[in-house]
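*Asks:* Sending over model.txt (compact mmCIF, C-alpha atoms).
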```
# COMPACT_ATOMS: atom_id res chain seq x y z
CA MET A 29 -3.86 65.63 96.54
CA LEU A 30 -5.45 62.26 95.92
CA ASN A 31 -5.64 59.69 98.65
CA LYS A 32 -4.52 56.10 98.18
CA LYS A 33 -7.92 54.76 97.06
CA GLU A 34 -8.48 57.60 94.58
CA GLN A 35 -5.06 56.98 93.05
CA ARG A 36 -5.84 53.29 92.61
CA THR A 37 -9.25 53.94 91.01
CA ARG A 38 -7.62 56.46 88.65
CA ARG A 39 -5.08 53.86 87.53
CA ALA A 40 -7.89 51.31 87.14
CA ALA A 41 -9.90 53.64 84.91
CA GLN A 42 -6.92 54.23 82.62
CA THR A 43 -6.38 50.48 82.30
CA ARG A 44 -10.03 49.82 81.50
CA VAL A 45 -9.91 52.32 78.62
CA ARG A 46 -7.04 50.35 77.06
CA ILE A 47 -8.79 47.03 77.70
CA ALA A 48 -12.02 48.27 76.08
CA LYS A 49 -10.09 48.90 72.84
CA GLN A 50 -8.95 45.25 72.81
CA ASP A 51 -12.57 44.03 72.73
CA ALA A 52 -11.77 40.98 74.85
CA ALA A 53 -13.18 39.51 78.01
CA ARG A 54 -11.36 40.82 81.05
CA LEU A 55 -10.10 39.10 84.15
CA SER A 56 -10.71 41.64 86.91
CA VAL A 57 -8.97 41.22 90.27
CA PHE A 58 -9.81 42.90 93.56
CA ARG A 59 -7.94 42.37 96.78
CA SER A 60 -8.77 43.38 100.30
CA ASN A 61 -6.79 42.74 103.46
CA LEU A 62 -8.63 39.47 104.12
CA HIS A 63 -9.71 38.18 100.70
CA ILE A 64 -9.01 38.21 96.97
CA TYR A 65 -11.68 38.14 94.27
CA ALA A 66 -11.46 37.41 90.54
CA SER A 67 -14.14 37.78 87.86
CA VAL A 68 -14.17 37.19 84.12
CA ILE A 69 -16.37 39.89 82.60
CA SER A 70 -17.70 39.87 79.02
CA SER A 71 -16.13 42.22 76.48
CA ASP A 72 -19.11 44.59 76.59
CA GLY A 73 -19.01 44.64 80.39
CA ALA A 74 -22.61 43.51 80.74
CA ARG A 75 -22.19 40.01 82.19
CA VAL A 76 -19.96 38.19 84.63
CA LEU A 77 -18.99 34.95 82.92
CA ALA A 78 -17.08 33.35 85.82
CA SER A 79 -15.98 34.28 89.30
CA ALA A 80 -13.91 32.88 92.17
CA SER A 81 -12.85 34.22 95.53
CA THR A 82 -11.56 33.25 98.94
CA VAL A 83 -15.01 33.99 100.37
CA GLU A 84 -16.39 30.73 98.96
CA LYS A 85 -17.14 28.24 101.71
CA ASP A 86 -15.35 25.23 100.20
CA LEU A 87 -12.22 27.31 99.60
CA ARG A 88 -12.27 28.66 103.17
CA THR A 89 -12.37 25.11 104.53
CA GLN A 90 -9.50 24.16 102.21
CA LEU A 91 -7.39 27.07 103.48
CA GLY A 92 -7.90 26.07 107.09
CA ALA A 93 -7.93 28.73 109.76
CA PRO A 94 -10.07 31.83 109.26
CA GLY A 95 -8.21 34.85 107.95
CA LYS A 96 -6.00 32.82 105.62
CA GLY A 97 -7.62 34.23 102.46
CA GLY A 98 -5.24 37.17 102.27
CA ASN A 99 -2.03 35.42 101.27
CA ALA A 100 -0.32 34.35 98.05
CA ALA A 101 -1.20 30.67 98.52
CA ALA A 102 -4.89 31.52 98.59
CA ALA A 103 -4.46 33.75 95.53
CA THR A 104 -2.86 30.85 93.66
CA ILE A 105 -5.87 28.64 94.35
CA VAL A 106 -8.26 31.39 93.23
CA GLY A 107 -6.24 31.81 90.02
CA GLN A 108 -6.53 28.12 89.22
CA ARG A 109 -10.27 28.13 89.93
CA ILE A 110 -11.00 31.20 87.83
CA ALA A 111 -9.13 29.68 84.89
CA GLU A 112 -11.09 26.43 85.17
CA ARG A 113 -14.41 28.26 85.40
CA ALA A 114 -13.57 30.60 82.53
CA LYS A 115 -12.63 27.70 80.28
CA ALA A 116 -15.88 25.96 81.25
CA ALA A 117 -17.73 29.13 80.20
CA GLY A 118 -15.94 29.04 76.82
CA VAL A 119 -13.41 31.80 77.45
CA ASP A 120 -9.77 31.01 76.67
CA LYS A 121 -8.30 34.47 76.12
CA VAL A 122 -8.73 37.43 78.46
CA ALA A 123 -7.25 40.85 79.16
CA PHE A 124 -5.84 41.10 82.68
CA ASP A 125 -7.33 43.95 84.72
CA ARG A 126 -5.33 44.33 87.91
CA ASN A 127 -7.76 47.04 89.03
CA GLY A 128 -5.03 49.59 89.80
CA PHE A 129 -3.15 47.29 92.17
CA ALA A 130 0.58 46.76 91.75
CA TYR A 131 1.54 43.59 89.89
CA HIS A 132 3.30 41.78 92.73
CA GLY A 133 2.44 39.58 95.66
CA ARG A 134 -1.10 38.22 95.61
CA VAL A 135 -2.08 39.80 92.28
CA LYS A 136 0.97 38.29 90.58
CA ALA A 137 0.35 34.88 92.20
CA LEU A 138 -3.24 34.86 90.92
CA ALA A 139 -2.18 35.85 87.39
CA GLU A 140 0.57 33.25 87.15
CA ALA A 141 -1.71 30.49 88.47
CA ALA A 142 -4.38 31.41 85.90
CA ARG A 143 -1.78 31.31 83.12
CA GLU A 144 -0.50 27.90 84.25
CA ALA A 145 -4.08 26.59 84.29
CA GLY A 146 -4.45 27.50 80.61
CA LEU A 147 -5.91 31.00 80.51
CA GLN A 148 -4.18 33.24 77.95
CA PHE A 149 -3.49 36.93 78.52
```
If you convert what's in this file into structure tokens, what do you get?

*Replies:*
Amino acid sequence: MLNKKEQRTRRAAQTRVRIAKQDAARLSVFRSNLHIYASVISSDGARVLASASTVEKDLRTQLGAPGKGGNAAAATIVGQRIAERAKAAGVDKVAFDRNGFAYHGRVKALAEAAREAGLQF
């Protein structure tokens, strides 16, 4: 029987196989209990083109109290930032890699904010 982390990594691997066939840059999301991270990775997987997370100092001061990086409001800000940085790097269209996490809550908030900021996926 697989534990929770092994199940998530298995789902993530299946998703990455489908994304590799699309030959597009991917927006990879990782969430922990305290923070959320987003990276735009090149289609060959060799380079990180843009990244944003709640660990960044200016974002932590914007969120206020420590420990506020693990909510949907913080994920929305990270989604907007990753879209801005990806567009600055010349990437307009990406494949969304939710990294095996369920598409709700913080992951959904990040994705919708990135779409509203102009990133297509």

*Asks:* Could you work out how far CA of Lys136 in chain A lies from CA of Pro94 in chain A, giving the answer in Å with one decimal?

*Replies:*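 That distance, rounded to one decimal, is 22.6 Å.
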
*Asks:* Build an axis-aligned box that encloses every atom of range 45-54 of chain A listed in the file, pad it by 6 Å on each side, and report its centre and edge lengths in Å to one decimal, as AutoDock Vina command-line options.

*Replies:*
```
--center_x -10.1 --center_y 45.9 --center_z 76.9 --size_x 18.1 --size_y 24.8 --size_z 20.3
```

*Asks:* Which residues of range 112-149 of chain A come within 12 Å of range 71-93 of chain A, and for each one, what is the closest pair of atoms and their distance in Å to one decimal, counting only C-alpha atoms, sorted by chain and residue number, as JSON lines?

*Replies:*
```
{"residue": "A:Glu112", "atom": "CA", "partner": "A:Ala78", "partner_atom": "CA", "distance": 9.2}
{"residue": "A:Arg113", "atom": "CA", "partner": "A:Ala78", "partner_atom": "CA", "distance": 5.8}
{"residue": "A:Ala114", "atom": "CA", "partner": "A:Ala78", "partner_atom": "CA", "distance": 5.5}
{"residue": "A:Lys115", "atom": "CA", "partner": "A:Ala78", "partner_atom": "CA", "distance": 9.1}
{"residue": "A:Ala116", "atom": "CA", "partner": "A:Ala78", "partner_atom": "CA", "distance": 8.8}
{"residue": "A:Ala117", "atom": "CA", "partner": "A:Leu77", "partner_atom": "CA", "distance": 6.5}
{"residue": "A:Gly118", "atom": "CA", "partner": "A:Leu77", "partner_atom": "CA", "distance": 9.0}
{"residue": "A:Val119", "atom": "CA", "partner": "A:Leu77", "partner_atom": "CA", "distance": 8.4}
{"residue": "A:Asp120", "atom": "CA", "partner": "A:Leu77", "partner_atom": "CA", "distance": 11.8}
{"residue": "A:Lys121", "atom": "CA", "partner": "A:Ser71", "partner_atom": "CA", "distance": 11.0}
{"residue": "A:Val122", "atom": "CA", "partner": "A:Ser71", "partner_atom": "CA", "distance": 9.0}
{"residue": "A:Ala123", "atom": "CA", "partner": "A:Ser71", "partner_atom": "CA", "distance": 9.4}
{"residue": "A:Leu138", "atom": "CA", "partner": "A:Ser81", "partner_atom": "CA", "distance": 10.7}
{"residue": "A:Ala142", "atom": "CA", "partner": "A:Ala80", "partner_atom": "CA", "distance": 11.5}
```

*Asks:* Quick one: everything within 9 Å of range 32-37 of chain A, counting only C-alpha atoms, minus sequence neighbours fewer than 5 positions away in the same chain. Send it as a ChimeraX atom specification.

*Replies:* /A:42,127-129

*Asks:* Can you tell me, as number ranges by chain, what residues are no more than 9 Å from His63 in chain A when counting all atoms listed in the file, ignoring any on the same chain fewer than 5 positions away?

*Replies:* A: 58, 81-83, 95-99, 102-103

*Asks:* Considering only C-alpha atoms, can you say which of A:Phe124, A:Tyr65, A:Tyr131, A:Phe149 comes closest to Ile47 in chain A?

*Replies:*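 For Ile47 in chain A, the nearest of the candidates is A:Phe124.
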
*Asks:* Using only C-alpha atoms for the distances, tell me which of A:Val135, A:Arg126, A:Val68, A:Met29 is nearest to Ala101 in chain A.

*Replies:*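 With only C-alpha atoms as the atom set, the closest residue is A:Val135.
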
*Asks:* For CA of Leu62 in chain A and CA of Arg134 in chain A, determine how far apart the two atoms are, in Å to one decimal place.

*Replies:* 11.4 Å

*Asks:* Nearest to His132 in chain A: which of A:Arg59, A:Arg54, A:Arg39, A:Lys49 is it, counting all atoms listed in the file?

*Replies:* A:Arg59

*Asks:* CA of Ala137 in chain A and CA of Val106 in chain A are how many Å apart?

*Replies:*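 Computing it gives 9.3 Å between the two atoms.
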
*Asks:* Smallest atom-to-atom distance to Ala41 in chain A: which of A:Asp125, A:Ala53, A:Ser60, A:Ile110, using all atoms listed in the file?

*Replies:*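 Among A:Asp125, A:Ala53, A:Ser60, A:Ile110, it is A:Asp125 that comes nearest to Ala41 in chain A.
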
*Asks:* Restricting the calculation to only C-alpha atoms: of A:Ile69, A:Leu30, A:Leu55, A:Val45, which residue gets closest to Ala139 in chain A?

*Replies:*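 Among the listed residues, the smallest separation from Ala139 in chain A belongs to A:Leu55.
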
*Asks:* Name the closest residue to Ser56 in chain A among the candidates A:Gly107, A:Asn31, A:Ala100, A:Ala141; distances are taken between atoms, counting all atoms listed in the file.

*Replies:*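 Between A:Gly107, A:Asn31, A:Ala100, A:Ala141, the residue approaching Ser56 in chain A most closely is A:Gly107.
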